[in-house]
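Below is one structure; the comments refer to it alone.
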Amino acid sequence: MHSKARFTVVAAGAVLALGLAAGCSSDDAAASGENTDVCNTFASDHNAFVALVAAGPGSAENVEKWTADKQAAIDKVKALPSTASGDVASSLTTFTDALPADTLELSAPDGQSGKAFVDNGAAVKSVCEADGTTITLDALPLSTFTN
């Protein structure tokens with residue numbers, strides 16, 4: 001009877017260990033990198049847009065092309081939430097919902113749109129990292145009025 005009790009305790013311990021291992025696996029699923037592709041695409045598209053803003057149109061005759069290129073970059077980002085899951089999808093939706101119709105608003109001195117772009121981008125970066133993907137986002141050049 002003594003060895004039977006010992007076997008029961010060992011079996012129960014094994015079941016508990018398996019349960020804990022399964023629990024750890026569930027925790028790892030939260031940082032599984034399930035959204036790796038969408039996070040990397042977001043960083044790439046975000047940084048392409050920031051580069052366009054930083055470069056400016058170059059000349060008056062390039063304003064139309066520059067504006068169209070910025071809009072195309074924003075449109076790519078707007079397509080991302082539907083390709084993501086969980087917190088990444090939610091954070092991307094917040095980011096895209098806050099984008100203004102006119103991309104020039106993002107560069108307006110002391111503008112709320114530019115600040116929201118930066119803050120919401122940082123939130124996407126944070127949830128991507130929590131999901132298992134580290135991304136680097138270039139800084140949007142923000143203008144402020146000074147006296």
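Ligands are numbered from 1 in the order shown, chains are lettered A, B, ... in the order of the structure tokens, and residues start at 1 in each chain.
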Please list as a VMD selection string every residue within 10 Å of Ile74 of chain A, counting only C-alpha atoms and excluding residues in the same chain fewer than 6 positions away.
chain A and resid 45 to 46 48 to 49 68 96 99 to 101 103
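One distance worth recording is that between atom CA of Asn35 of chain A and atom CA of Ala116 of chain A, which is 22.6 Å.
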Residues within 10 Å of Thr41 of chain A, please, as a compact mmCIF listing (two decimals) with N, CA, C and O atoms, in the first residue's frame. Count only C-alpha atoms; anything in the same chain fewer than 5 positions from it doesn't count.
# COMPACT_ATOMS: atom_id res chain seq x y z
N ASN A 35 2.31 37.81 -34.65
CA ASN A 35 2.13 39.01 -35.46
C ASN A 35 3.45 39.55 -36.01
O ASN A 35 3.54 40.72 -36.38
N THR A 36 4.46 38.71 -36.09
CA THR A 36 5.79 39.15 -36.53
C THR A 36 5.73 39.86 -37.88
O THR A 36 6.28 40.95 -38.05
N HIS A 46 5.66 52.53 -41.69
CA HIS A 46 5.75 53.70 -40.82
C HIS A 46 7.01 54.49 -41.16
O HIS A 46 6.97 55.71 -41.36
N ASN A 47 8.13 53.79 -41.24
CA ASN A 47 9.41 54.46 -41.49
C ASN A 47 9.49 55.04 -42.90
O ASN A 47 10.11 56.08 -43.11
N LYS A 76 -1.16 51.87 -46.96
CA LYS A 76 -0.58 50.57 -46.62
C LYS A 76 -0.75 50.28 -45.14
O LYS A 76 -1.11 49.18 -44.75
N VAL A 77 -0.49 51.29 -44.31
CA VAL A 77 -0.62 51.12 -42.86
C VAL A 77 -2.08 50.85 -42.49
O VAL A 77 -2.37 50.02 -41.63
N LEU A 80 -3.29 47.24 -42.40
CA LEU A 80 -2.66 46.27 -41.50
C LEU A 80 -3.53 45.71 -40.38
O LEU A 80 -3.39 44.53 -40.03
N ILE A 135 10.61 46.02 -32.96
CA ILE A 135 10.66 46.86 -34.15
C ILE A 135 11.28 48.20 -33.80
O ILE A 135 11.29 48.61 -32.64
Option closest in space to Ala130 of chain A, from A:Ala79, A:Trp66, A:Phe42, A:Gly86 [counting only C-alpha atoms]:
A:Gly86
Out of A:Ala43, A:Cys128, A:Leu142, A:Leu52, which residue has the shortest atom-to-atom distance to Ser90 of chain A when counting only C-alpha atoms?
A:Cys128
Distance of atom CA of Thr94 of chain A from atom CA of Ala54 of chain A, expressed in Å to one decimal place:
23.5 Å
Compile the contact shell of Asp138 of chain A as a ChimeraX atom specification: residues with an atom at most 7 Å away, counting only C-alpha atoms, same-chain residues fewer than 2 positions apart removed.
/A:47,50,136,140
Set the distance at 10 Å and use only C-alpha atoms: which residues neighbour Phe95 of chain A once local chain neighbours fewer than 2 positions away are removed? I'd like the list as number ranges by chain.
A: 77-78, 81, 89-93, 97-99, 116-124
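Between atom CA of Leu137 of chain A and atom CA of Lys125 of chain A lies a distance of 7.7 Å.
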